[in-house]
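> Input file: work.csv. Contents: CSV, C-alpha atoms.
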chain,number,residue,atom,x,y,z
R,1,MET,CA,0.0,0.0,0.0
R,2,ILE,CA,1.3,3.5,-0.9
R,3,ALA,CA,1.0,6.2,1.7
R,4,ASP,CA,-1.0,9.3,0.9
R,5,GLU,CA,0.7,12.6,0.3
R,6,ALA,CA,-0.1,14.0,3.8
R,7,THR,CA,1.4,10.9,5.5
R,8,LEU,CA,4.4,11.0,3.2
R,9,SER,CA,5.0,14.7,4.0
R,10,ARG,CA,4.8,13.9,7.7
R,11,LEU,CA,7.2,11.0,7.4
R,12,ALA,CA,9.7,13.1,5.4
R,13,ALA,CA,9.6,15.9,7.9
R,14,LEU,CA,10.2,13.3,10.8
R,15,ALA,CA,13.0,11.7,8.8
R,16,GLN,CA,14.7,15.2,8.6
R,17,HIS,CA,14.6,15.2,12.4
R,18,GLY,CA,16.4,11.8,12.4
R,19,ASP,CA,13.3,9.5,13.1
R,20,ARG,CA,14.5,6.2,11.6
R,21,GLN,CA,11.2,4.4,11.8
R,22,ALA,CA,9.5,7.2,9.8
R,23,TYR,CA,12.4,7.2,7.4
R,24,ALA,CA,12.1,3.5,6.7
R,25,ALA,CA,8.4,3.9,6.0
R,26,MET,CA,9.1,6.9,3.8
R,27,LEU,CA,11.8,5.1,1.8
R,28,THR,CA,9.5,2.1,1.3
R,29,ALA,CA,6.7,4.3,0.0
R,30,CYS,CA,9.1,6.1,-2.2
R,31,ARG,CA,10.4,2.8,-3.6
R,32,SER,CA,6.8,1.8,-4.6
R,33,TRP,CA,6.3,5.1,-6.3
R,34,LEU,CA,9.6,4.9,-8.1
R,35,LEU,CA,9.0,1.3,-9.3
R,36,ARG,CA,5.8,2.5,-11.0
R,37,TYR,CA,7.5,5.6,-12.3
R,38,TYR,CA,10.4,3.8,-14.0
R,39,ARG,CA,8.3,0.9,-15.2
R,40,ARG,CA,7.0,3.0,-18.1
R,41,LYS,CA,10.5,4.3,-19.0
R,42,VAL,CA,13.3,1.8,-18.8
R,43,ALA,CA,13.9,-1.9,-19.5
R,44,PRO,CA,12.8,-4.2,-16.6
R,45,GLU,CA,16.3,-5.3,-15.7
R,46,GLN,CA,17.4,-1.7,-15.2
R,47,ILE,CA,14.5,-0.7,-12.9
R,48,GLU,CA,15.9,-1.9,-9.6
R,49,ASP,CA,19.2,-0.3,-10.2
R,50,LEU,CA,17.7,3.0,-11.1
R,51,VAL,CA,15.3,2.9,-8.1
R,52,GLN,CA,18.2,2.3,-5.8
R,53,GLU,CA,20.3,5.1,-7.3
R,54,THR,CA,17.3,7.4,-6.9
R,55,LEU,CA,16.8,6.3,-3.3
R,56,LEU,CA,20.4,7.0,-2.6
R,57,SER,CA,20.0,10.5,-4.0
R,58,VAL,CA,16.9,11.0,-1.8
R,59,HIS,CA,19.1,9.9,1.1
R,60,ARG,CA,21.9,12.3,0.2
R,61,LYS,CA,19.7,15.2,-0.6
R,62,LEU,CA,17.1,14.9,2.2
R,63,ALA,CA,17.8,18.5,3.2
R,64,SER,CA,16.5,19.7,-0.1
R,65,TYR,CA,13.0,18.6,0.8
R,66,ASP,CA,10.8,21.5,1.9
R,67,PRO,CA,8.4,20.3,4.7
R,68,ALA,CA,5.9,22.9,3.6
R,69,ARG,CA,5.6,21.3,0.2
R,70,PRO,CA,4.3,17.8,-0.9
R,71,VAL,CA,6.8,15.0,-1.2
R,72,VAL,CA,5.8,13.4,-4.6
R,73,PRO,CA,6.8,16.4,-6.8
R,74,TRP,CA,10.1,16.6,-5.0
R,75,LEU,CA,10.6,12.8,-5.4
R,76,ALA,CA,9.5,13.1,-9.1
R,77,ALA,CA,12.1,15.9,-9.7
R,78,ILE,CA,14.9,13.7,-8.3
R,79,ALA,CA,13.7,10.7,-10.2
R,80,ARG,CA,13.6,12.6,-13.5
R,81,TYR,CA,17.1,13.9,-12.9
R,82,ARG,CA,18.4,10.4,-12.2
R,83,PHE,CA,16.5,9.1,-15.3
R,84,VAL,CA,18.1,11.7,-17.6
R,85,ASP,CA,21.5,11.0,-16.0
R,86,HIS,CA,20.9,7.3,-16.6
R,87,LEU,CA,20.0,7.8,-20.2
R,88,ARG,CA,23.1,10.0,-20.8
R,89,PHE,CA,25.2,7.3,-19.2
R,90,VAL,CA,23.9,4.4,-21.2
R,91,TYR,CA,24.2,6.3,-24.5
R,92,ARG,CA,27.6,7.6,-23.7
R,93,THR,CA,28.7,4.1,-22.8
R,94,ALA,CA,27.2,2.6,-26.0
R,95,VAL,CA,29.0,5.2,-28.1
R,96,GLU,CA,32.3,4.7,-26.4
R,97,ALA,CA,31.9,1.0,-26.7
R,98,GLU,CA,31.4,1.4,-30.5
R,99,LEU,CA,34.6,3.5,-30.7
R,100,GLU,CA,36.8,1.2,-28.6
R,101,ASP,CA,38.0,-1.9,-30.5
R,102,ASP,CA,39.8,-3.5,-27.6
R,103,VAL,CA,36.8,-3.8,-25.4
R,104,PRO,CA,35.3,-7.4,-25.6
R,105,ALA,CA,32.5,-7.5,-28.2
R,106,MET,CA,30.1,-9.0,-25.7
R,107,ASP,CA,30.3,-5.9,-23.5
R,108,ASN,CA,29.7,-3.6,-26.4
R,109,ASP,CA,26.7,-5.6,-27.4
R,110,ASP,CA,25.3,-5.6,-23.9
R,111,GLN,CA,25.6,-1.8,-23.6
R,112,ALA,CA,24.2,-1.1,-27.0
R,113,LEU,CA,21.3,-3.5,-26.2
R,114,ILE,CA,20.6,-1.7,-22.9
R,115,ALA,CA,20.7,1.7,-24.6
R,116,ARG,CA,18.4,0.4,-27.3
R,117,LEU,CA,15.9,-1.1,-24.8
R,118,SER,CA,15.7,2.3,-23.0
R,119,LEU,CA,15.0,4.1,-26.2
R,120,ASP,CA,12.5,1.5,-27.4
R,121,ARG,CA,10.6,2.0,-24.2
R,122,LEU,CA,10.4,5.7,-24.8
R,123,PHE,CA,9.6,5.1,-28.5
R,124,GLU,CA,6.5,3.1,-27.6
R,125,ALA,CA,4.7,6.3,-26.8
R,126,LEU,CA,5.3,7.8,-30.2
R,127,PRO,CA,3.4,7.3,-33.5
R,128,ASP,CA,5.3,5.2,-36.1
R,129,ALA,CA,6.0,8.2,-38.4
R,130,GLN,CA,7.6,10.2,-35.6
R,131,GLN,CA,9.6,7.1,-34.4
R,132,ARG,CA,10.9,6.4,-37.8
R,133,ALA,CA,11.9,10.1,-38.5
R,134,ILE,CA,13.8,10.4,-35.2
R,135,GLU,CA,15.5,7.0,-35.6
R,136,LEU,CA,16.7,7.7,-39.2
R,137,VAL,CA,17.9,11.3,-38.7
R,138,LYS,CA,18.8,11.6,-35.0
R,139,ILE,CA,20.2,8.1,-34.4
R,140,GLU,CA,21.3,6.7,-37.7
R,141,GLY,CA,22.5,10.1,-38.9
R,142,LEU,CA,20.7,10.3,-42.3
R,143,SER,CA,20.0,13.7,-43.8
R,144,ILE,CA,16.5,15.0,-44.0
R,145,THR,CA,16.4,14.3,-47.7
R,146,GLU,CA,17.6,10.7,-47.3
R,147,ALA,CA,15.1,10.2,-44.5
R,148,SER,CA,12.4,11.6,-46.7
R,149,VAL,CA,13.3,9.1,-49.5
R,150,THR,CA,13.5,6.2,-47.1
R,151,THR,CA,10.1,6.9,-45.4
R,152,GLY,CA,8.2,8.3,-48.3
R,153,GLN,CA,7.4,11.4,-46.1
R,154,SER,CA,8.0,14.9,-47.5
R,155,GLU,CA,11.0,16.7,-46.2
R,156,SER,CA,8.9,19.2,-44.3
R,157,LEU,CA,6.9,16.3,-42.8
R,158,VAL,CA,10.1,14.6,-41.6
R,159,LYS,CA,11.1,17.8,-39.9
R,160,VAL,CA,7.7,18.2,-38.3
R,161,ASN,CA,7.7,14.6,-37.1
R,162,ILE,CA,11.1,15.0,-35.6
R,163,HIS,CA,10.1,18.2,-33.8
R,164,ARG,CA,6.8,16.7,-32.5
R,165,GLY,CA,8.4,13.4,-31.6
R,166,LEU,CA,11.2,15.0,-29.6
R,167,ARG,CA,8.7,17.3,-27.8
R,168,ARG,CA,6.6,14.3,-26.9
R,169,LEU,CA,9.7,12.4,-25.6
R,170,ALA,CA,10.6,15.4,-23.5
R,171,ALA,CA,7.1,15.6,-22.1
R,172,LEU,CA,7.2,11.8,-21.4
R,173,ILE,CA,10.4,12.2,-19.5
R,174,GLU,CA,9.0,15.1,-17.5
R,175,ARG,CA,5.7,13.4,-16.7
R,176,ILE,CA,5.3,12.3,-13.1
A,1,MET,CA,24.0,-5.7,-9.6
A,2,PRO,CA,21.5,-4.0,-7.2
A,3,ASP,CA,21.4,-4.9,-3.5
A,4,ASP,CA,18.4,-6.7,-2.0
A,5,PRO,CA,15.8,-3.9,-1.7
A,6,ASP,CA,15.1,-4.5,2.0
A,7,THR,CA,18.8,-4.6,2.9
A,8,PHE,CA,19.4,-1.5,0.8
A,9,ILE,CA,16.7,0.5,2.6
A,10,ASP,CA,17.9,-0.8,6.0
A,11,ASN,CA,21.4,0.4,5.2
A,12,LEU,CA,20.1,3.9,4.3
A,13,VAL,CA,18.0,4.0,7.5
A,14,SER,CA,21.0,3.0,9.6
A,15,GLU,CA,23.0,6.0,8.1
A,16,LEU,CA,20.3,8.6,8.8
A,17,LYS,CA,21.3,11.7,10.6
A,18,PRO,CA,19.1,14.7,11.3
A,19,VAL,CA,19.3,17.4,8.6
A,20,ALA,CA,18.2,21.0,8.6
A,21,PRO,CA,15.9,21.6,5.6
A,22,LEU,CA,17.2,24.2,3.2
A,23,ARG,CA,15.3,27.5,3.8
A,24,GLN,CA,14.9,30.0,1.1
A,25,ARG,CA,15.4,32.8,3.5
A,26,THR,CA,18.7,31.5,4.7
A,27,GLY,CA,20.0,31.2,1.2
A,28,MET,CA,18.8,34.7,0.4
A,29,MET,CA,20.6,36.1,3.5
A,30,ARG,CA,23.8,34.5,2.3
A,31,ALA,CA,23.5,36.0,-1.2
A,32,LEU,CA,22.7,39.4,0.3
A,33,PHE,CA,25.7,39.1,2.6
A,34,ALA,CA,28.0,38.3,-0.4
A,35,LEU,CA,26.5,41.3,-2.3
A,36,ALA,CA,27.0,43.6,0.6
A,37,ILE,CA,30.6,42.4,1.0
A,38,GLY,CA,31.2,43.1,-2.7
A,39,ALA,CA,29.9,46.6,-2.5
A,40,PHE,CA,31.9,47.3,0.7
A,41,LEU,CA,35.1,46.0,-1.0
A,42,VAL,CA,34.6,48.2,-4.0
A,43,VAL,CA,34.0,51.3,-2.0
A,44,THR,CA,36.9,50.6,0.4
A,45,VAL,CA,39.4,49.7,-2.2
A,46,PHE,CA,38.4,52.1,-5.1
A,47,GLY,CA,36.4,54.7,-3.3
A,48,MET,CA,32.9,55.9,-3.7
A,49,ARG,CA,31.7,58.0,-6.7
A,50,PRO,CA,31.5,61.7,-5.8
A,51,ASP,CA,27.8,62.2,-6.1
A,52,VAL,CA,27.0,59.3,-3.8
A,53,ARG,CA,29.6,60.6,-1.3
A,54,SER,CA,28.1,64.1,-1.4
A,55,GLY,CA,24.5,62.8,-1.2
A,56,HIS,CA,23.5,64.4,-4.5
A,57,LEU,CA,22.5,61.3,-6.4
A,58,ASP,CA,22.3,61.3,-10.2
A,59,PRO,CA,19.3,59.7,-11.8
A,60,MET,CA,21.6,57.8,-14.2
A,61,PHE,CA,23.2,56.2,-11.1
A,62,LEU,CA,20.0,55.5,-9.4
A,63,LEU,CA,18.0,53.9,-12.2
A,64,PRO,CA,20.5,51.4,-13.7
A,65,THR,CA,21.9,50.5,-10.3
A,66,GLY,CA,18.4,49.9,-9.0
A,67,LEU,CA,17.6,47.7,-12.1
A,68,PHE,CA,20.8,45.7,-11.5
A,69,LEU,CA,20.0,45.2,-7.9
A,70,VAL,CA,16.5,44.0,-8.6
A,71,LEU,CA,17.9,41.7,-11.3
A,72,ALA,CA,20.5,40.3,-8.8
A,73,LEU,CA,17.8,39.7,-6.2
A,74,ALA,CA,15.3,38.1,-8.5
A,75,THR,CA,17.8,35.8,-10.1
A,76,ALA,CA,19.4,34.9,-6.8
A,77,TRP,CA,15.9,34.0,-5.4
A,78,ALA,CA,15.3,31.8,-8.4
A,79,THR,CA,18.7,30.2,-8.1
A,80,ILE,CA,18.3,29.5,-4.4
A,81,ASP,CA,14.9,27.9,-5.0
A,82,MET,CA,16.5,25.6,-7.5
A,83,ALA,CA,18.3,23.8,-4.6
A,84,ARG,CA,15.0,22.4,-3.7
A,85,PRO,CA,13.8,20.3,-6.7
A,86,PHE,CA,10.1,20.3,-7.4
A,87,VAL,CA,8.2,19.2,-10.5
A,88,GLY,CA,5.7,21.9,-11.5
A,89,THR,CA,7.5,24.9,-10.1
A,90,ARG,CA,8.0,27.9,-12.4
A,91,ARG,CA,11.1,30.0,-11.8
A,92,ASP,CA,10.9,32.3,-14.7
A,93,GLY,CA,10.0,35.5,-12.8
A,94,TRP,CA,13.6,36.6,-13.0
A,95,ALA,CA,13.4,36.7,-16.8
A,96,TRP,CA,11.1,39.7,-16.6
A,97,THR,CA,13.6,41.6,-14.5
A,98,ALA,CA,16.3,40.5,-17.0
A,99,LEU,CA,14.2,41.9,-19.8
A,100,MET,CA,13.8,45.1,-17.9
A,101,ALA,CA,17.5,45.4,-17.4
A,102,ALA,CA,18.1,44.5,-21.0
A,103,VAL,CA,16.5,47.9,-21.9
A,104,LEU,CA,19.9,49.4,-20.9
A,105,PRO,CA,22.1,47.7,-23.4
A,106,GLY,CA,19.3,47.9,-26.0
A,107,ALA,CA,19.0,51.6,-25.5
A,108,ALA,CA,22.8,52.0,-25.6
A,109,LEU,CA,23.0,50.0,-28.9
A,110,GLY,CA,20.2,52.2,-30.3
A,111,LEU,CA,22.1,55.3,-29.3
A,112,ILE,CA,25.3,54.0,-30.9
A,113,ALA,CA,23.4,53.2,-34.1
A,114,SER,CA,21.8,56.6,-34.2
A,115,GLU,CA,25.2,58.4,-33.6
A,116,LEU,CA,26.8,56.3,-36.3
A,117,LEU,CA,24.0,57.1,-38.7
A,118,HIS,CA,24.6,60.8,-38.2
A,119,GLY,CA,28.3,60.3,-38.9
A,120,GLN,CA,29.4,60.9,-35.3
A,121,GLN,CA,32.2,58.9,-33.6
A,122,VAL,CA,31.3,56.6,-30.7
A,123,ALA,CA,33.8,56.2,-27.8
A,124,LEU,CA,33.3,52.9,-25.9
A,125,ASP,CA,36.3,52.8,-23.6
A,126,HIS,CA,35.5,55.2,-20.8
A,127,GLY,CA,36.8,52.9,-18.1
A,128,GLY,CA,34.5,50.2,-19.5
A,129,LEU,CA,37.0,47.4,-19.1
A,130,PHE,CA,37.5,48.2,-15.5
A,131,CYS,CA,33.8,47.9,-14.8
A,132,LEU,CA,33.6,44.7,-16.8
A,133,ALA,CA,36.6,43.1,-15.1
A,134,PHE,CA,35.9,44.1,-11.6
A,135,GLY,CA,32.1,43.6,-11.9
A,136,THR,CA,32.8,40.0,-13.0
A,137,LEU,CA,35.4,39.6,-10.3
A,138,ILE,CA,33.3,41.0,-7.4
A,139,GLY,CA,30.4,39.0,-8.7
A,140,LEU,CA,32.4,35.9,-7.9
A,141,LEU,CA,31.5,36.4,-4.2
A,142,THR,CA,27.8,36.1,-5.0
A,143,ALA,CA,28.6,33.2,-7.4
A,144,CYS,CA,30.4,31.4,-4.6
A,145,ALA,CA,27.6,31.9,-2.1
A,146,LEU,CA,25.0,30.6,-4.6
A,147,VAL,CA,27.2,27.6,-5.8
A,148,LEU,CA,27.8,26.5,-2.2
A,149,TRP,CA,24.1,26.7,-1.5
A,150,LEU,CA,23.2,24.7,-4.7
A,151,LYS,CA,25.8,22.1,-3.8
A,152,ARG,CA,23.9,21.5,-0.5
A,153,GLY,CA,20.7,21.1,-2.4
A,154,ALA,CA,19.7,19.1,-5.5
A,155,PRO,CA,19.4,21.4,-8.6
A,156,ALA,CA,17.5,19.3,-11.1
A,157,SER,CA,18.8,21.4,-14.1
A,158,PRO,CA,22.5,22.2,-13.6
A,159,ALA,CA,22.6,24.1,-16.9
A,160,LYS,CA,19.8,26.5,-15.8
A,161,ALA,CA,21.3,26.7,-12.4
A,162,GLY,CA,24.6,27.7,-13.9
A,163,LEU,CA,23.0,30.4,-16.1
A,164,TYR,CA,21.0,31.8,-13.2
A,165,THR,CA,24.0,31.9,-10.9
A,166,GLY,CA,26.1,33.7,-13.6
A,167,VAL,CA,23.4,36.3,-14.2
A,168,ALA,CA,22.8,36.9,-10.4
A,169,ALA,CA,26.6,37.1,-9.9
A,170,GLY,CA,27.1,39.5,-12.8
A,171,ALA,CA,24.2,41.8,-11.7
A,172,ALA,CA,25.4,41.8,-8.1
A,173,GLY,CA,29.0,42.5,-9.2
A,174,ILE,CA,28.1,45.4,-11.4
A,175,PHE,CA,25.7,46.7,-8.7
A,176,ALA,CA,28.7,46.9,-6.4
A,177,VAL,CA,31.0,48.5,-9.0
A,178,SER,CA,28.3,51.1,-9.7
A,179,PHE,CA,29.1,52.7,-6.3
A,180,HIS,CA,32.6,53.5,-7.7
A,181,CYS,CA,32.0,54.0,-11.4
A,182,PRO,CA,31.7,57.7,-12.0
A,183,HIS,CA,30.1,57.5,-15.5
A,184,ASN,CA,26.6,58.6,-16.1
A,185,ASP,CA,26.3,58.1,-19.8
A,186,LEU,CA,23.9,55.5,-21.2
A,187,ILE,CA,26.4,54.0,-23.6
A,188,HIS,CA,28.9,53.2,-20.9
A,189,ILE,CA,26.2,51.7,-18.6
A,190,GLY,CA,24.4,49.8,-21.3
A,191,ILE,CA,27.4,48.3,-22.9
A,192,TRP,CA,29.9,47.7,-20.1
A,193,HIS,CA,27.6,47.3,-17.1
A,194,GLY,CA,25.0,45.3,-19.2
A,195,GLY,CA,27.9,43.4,-20.8
A,196,THR,CA,29.1,42.3,-17.3
A,197,VAL,CA,25.8,40.6,-16.7
A,198,ILE,CA,25.8,38.9,-20.1
A,199,LEU,CA,29.4,37.8,-19.8
A,200,SER,CA,28.8,36.4,-16.3
A,201,GLY,CA,25.7,34.6,-17.4
A,202,LEU,CA,27.6,33.0,-20.3
A,203,VAL,CA,30.5,32.0,-18.0
A,204,GLY,CA,28.0,30.6,-15.5
A,205,ARG,CA,26.1,28.6,-18.2
A,206,LEU,CA,29.3,27.1,-19.6
A,207,ALA,CA,31.5,26.6,-16.5
A,208,LEU,CA,29.1,25.8,-13.6
A,209,PRO,CA,26.9,22.8,-14.8
A,210,ARG,CA,29.8,20.4,-14.3
A,211,LEU,CA,30.2,21.7,-10.7
A,212,LEU,CA,26.5,21.5,-10.0
A,213,THR,CA,25.8,17.9,-11.0
A,214,TRP,CA,25.1,15.4,-8.2
Using structure tokens, write down the structure from this file.

Amino acid sequence: MIADEATLSRLAALAQHGDRQAYAAMLTACRSWLLRYYRRKVAPEQIEDLVQETLLSVHRKLASYDPARPVVPWLAAIARYRFVDHLRFVYRTAVEAELEDDVPAMDNDDQALIARLSLDRLFEALPDAQQRAIELVKIEGLSITEASVTTGQSESLVKVNIHRGLRRLAALIERI
Amino acid sequence: MPDDPDTFIDNLVSELKPVAPLRQRTGMMRALFALAIGAFLVVTVFGMRPDVRSGHLDPMFLLPTGLFLVLALATAWATIDMARPFVGTRRDGWAWTALMAAVLPGAALGLIASELLHGQQVALDHGGLFCLAFGTLIGLLTACALVLWLKRGAPASPAKAGLYTGVAAGAAGIFAVSFHCPHNDLIHIGIWHGGTVILSGLVGRLALPRLLTW
């Protein structure tokens, strides 16, 4: 069962005063919320890692919670920050792995797969035309003209689809 | 490989220590203190401009200095609030004060353009580099106060936090330098004083995000 907002706020305020029992209850409630939050965004095998990273941030930045405000928007802001950080990390790792020849091929493949899974999760929320336009231009590096020929969309439609798709992805990341 | 969830939470609980929540007022007091120290340093080291010393204040001192003070306070407020992350909060109030202050460099550029159109020469170097250099330097005091505050908190957008810190620091620095700078002409104030805020904002945006990640 997930605590209501008023209870969570009270628990967080008590945790700031050093109440361990309240803190344990607060972290458990936060964990439930985070599991649901990340379930829509990342591959299943990454969820627990990300939840624990976020709980660690909650622990380190407990002072940044304002007892006069609700807990969930605070937790959501931390979760979003960790999620964006996570995405940056997996893509950077995947790109580096592509560039380094001496790293075992299995590691490269794993990292690329993880990056791909995260992206696929996000892409599920986009219409096919937007997915395809972003994938061809922003990921595979095709020009607008090439993407237009490949997809059969006009050049201006490719641009519009990229713009709308990216805006939708940003909104998805920001959504609580 | 993640830890067992229960063990992980138990470990965090066992490390819990009481923490004082970050208060907006405390952060603002620190920023104000840094700003006051900056003004005090400028006046002590370089001296106060004659009209302020004599008490006969010039409107061209009062208006721009007041604008830069308001910009420094509004941006510092937004920066300090960024230490407490919160989805759904809007912190764009400072942008209106920035727009108001931007009238100064805008008017200066308009004046320069008008003078050039009439074939007149425009002189830009009336001690302008001094104001730019020391405005930026003195602004570092405010920047330090804000960065230390942000490091205690959890700024969810380090890039924005860096920009805000830079703008607040530049506005605070040039506010302090205004107590020494004897120039009352719009071109000097718009270009060099306004330029200090723009330069500090750019430096903050480029240099600080790395420092503010957590």
> Given all atoms listed in the file as the basis, pick out the residue of A:Trp192, A:Phe68, A:Trp214, A:Trp149 nearest to Gly173 (chain A).
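Looking only at the distances to Gly173 (chain A), the closest residue turns out to be A:Phe68.
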> Using only C-alpha atoms, find the residues of chain R whose closest atom to chain A is at most 6 Å away, then write them as a compact mmCIF listing (two decimals) with C-alpha atoms, in the frame of the given file.

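Result went into out_33.txt, see below:
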# COMPACT_ATOMS: atom_id res chain seq x y z
CA GLN R 16 14.70 15.20 8.60
CA HIS R 17 14.60 15.20 12.40
CA GLY R 18 16.40 11.80 12.40
CA ARG R 20 14.50 6.20 11.60
CA ALA R 24 12.10 3.50 6.70
CA ASP R 49 19.20 -0.30 -10.20
CA ALA R 63 17.80 18.50 3.20
CA SER R 64 16.50 19.70 -0.10
CA PRO R 73 6.80 16.40 -6.80
CA TRP R 74 10.10 16.60 -5.00
CA ALA R 77 12.10 15.90 -9.70
CA TYR R 81 17.10 13.90 -12.90
> Do you know which residues lie at most 6 Å from (9.0, 10.3, -42.2), with coordinates as in the file and all atoms listed in the file counted, and could you write them as a ChimeraX atom specification?
/R:129,133,148,151,153,158
> Would you compute the distance between CA of Phe179 (chain A) and CA of Ala31 (chain A)? Give it in Å to one decimal.
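Computing it gives 18.3 Å between the two atoms.
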> Contacts of Ala98 (chain A) at 12 Å or less, counting all atoms listed in the file, minus same-chain residues fewer than 6 places along, as a VMD selection string?
chain A and resid 67 to 75 92 104 to 105 164 167 to 168 170 to 171 194 197 to 198 201
> Just how far from CA of Gly135 (chain A) is CA of Thr165 (chain A), in Å to one decimal?
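So the answer is 14.3 Å.
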> In Å, rounded to a single decimal, give me how far CA of Leu146 (chain A) is from CA of Thr79 (chain A).
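Result for CA of Thr79 (chain A) versus CA of Leu146 (chain A): 7.2 Å, one decimal.
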> For each of R:Leu166, R:Val58, R:Val84, R:Ile139, take the minimum atom-to-atom distance to Tyr38 (chain R), counting only C-alpha atoms, then give the residue where this is smallest.
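Among the listed residues, R:Val84 lies closest to Tyr38 (chain R).
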> Would you kindly identify which residues have an atom no farther than 9 Å from (10.4, 7.3, -28.6), using all atoms listed in the file and the file's own coordinates, and write them out as a PyMOL selection string?
chain R and resi 119-127+130-131+134-135+165-166+168-169
> Go through A:Gly139, A:Gly106, A:Gly55, A:Gly47 one by one, measure the shortest atom-to-atom distance of each to Cys181 (chain A) using all atoms listed in the file, and give the residue with the smallest value.
A:Gly47
> Between A:Asn184, A:Ser200, A:Ser114, A:Thr26, which residue has the minimum interatomic distance to Gly127 (chain A), considering all atoms listed in the file?
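Comparing A:Asn184, A:Ser200, A:Ser114, A:Thr26 against Gly127 (chain A), the winner is A:Asn184.
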> Env of Met60 (chain A): 9 Å cut, atoms = all atoms listed in the file, seq-sep filter 3 positions within chain, self excluded. Answer as a ChimeraX atom specification.
/A:57,63-65,183-186,189
> Save region 76-92 of chain R from what I just supplied, as a compact mmCIF listing (two decimals), in the first residue's frame, atoms limited to N, CA and C atoms.

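Output saved as result.txt:
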# COMPACT_ATOMS: atom_id res chain seq x y z
N ALA R 76 9.63 13.22 -7.62
CA ALA R 76 9.55 13.13 -9.09
C ALA R 76 10.69 13.91 -9.75
N ALA R 77 11.02 15.06 -9.16
CA ALA R 77 12.11 15.88 -9.73
C ALA R 77 13.44 15.13 -9.61
N ILE R 78 13.65 14.47 -8.47
CA ILE R 78 14.89 13.70 -8.28
C ILE R 78 14.90 12.50 -9.22
N ALA R 79 13.74 11.84 -9.34
CA ALA R 79 13.66 10.66 -10.22
C ALA R 79 13.93 11.05 -11.66
N ARG R 80 13.38 12.18 -12.09
CA ARG R 80 13.58 12.63 -13.47
C ARG R 80 15.06 12.95 -13.72
N TYR R 81 15.67 13.59 -12.72
CA TYR R 81 17.10 13.93 -12.85
C TYR R 81 17.94 12.65 -13.01
N ARG R 82 17.63 11.65 -12.16
CA ARG R 82 18.40 10.39 -12.21
C ARG R 82 18.13 9.65 -13.53
N PHE R 83 16.89 9.76 -14.02
CA PHE R 83 16.54 9.08 -15.26
C PHE R 83 17.31 9.69 -16.44
N VAL R 84 17.33 11.01 -16.51
CA VAL R 84 18.05 11.70 -17.58
C VAL R 84 19.54 11.36 -17.49
N ASP R 85 20.06 11.34 -16.27
CA ASP R 85 21.46 11.00 -16.03
C ASP R 85 21.75 9.56 -16.50
N HIS R 86 20.81 8.69 -16.19
CA HIS R 86 20.93 7.28 -16.59
C HIS R 86 20.96 7.15 -18.11
N LEU R 87 20.04 7.88 -18.78
CA LEU R 87 20.00 7.83 -20.24
C LEU R 87 21.31 8.32 -20.83
N ARG R 88 21.81 9.43 -20.28
CA ARG R 88 23.08 9.98 -20.76
C ARG R 88 24.19 8.94 -20.61
N PHE R 89 24.17 8.27 -19.47
CA PHE R 89 25.23 7.30 -19.18
C PHE R 89 25.18 6.12 -20.15
N VAL R 90 23.98 5.57 -20.36
CA VAL R 90 23.92 4.38 -21.23
C VAL R 90 24.27 4.72 -22.68
N TYR R 91 23.85 5.91 -23.14
CA TYR R 91 24.17 6.27 -24.52
C TYR R 91 25.65 6.57 -24.67
N ARG R 92 26.22 7.25 -23.66
CA ARG R 92 27.65 7.57 -23.73
C ARG R 92 28.44 6.26 -23.74
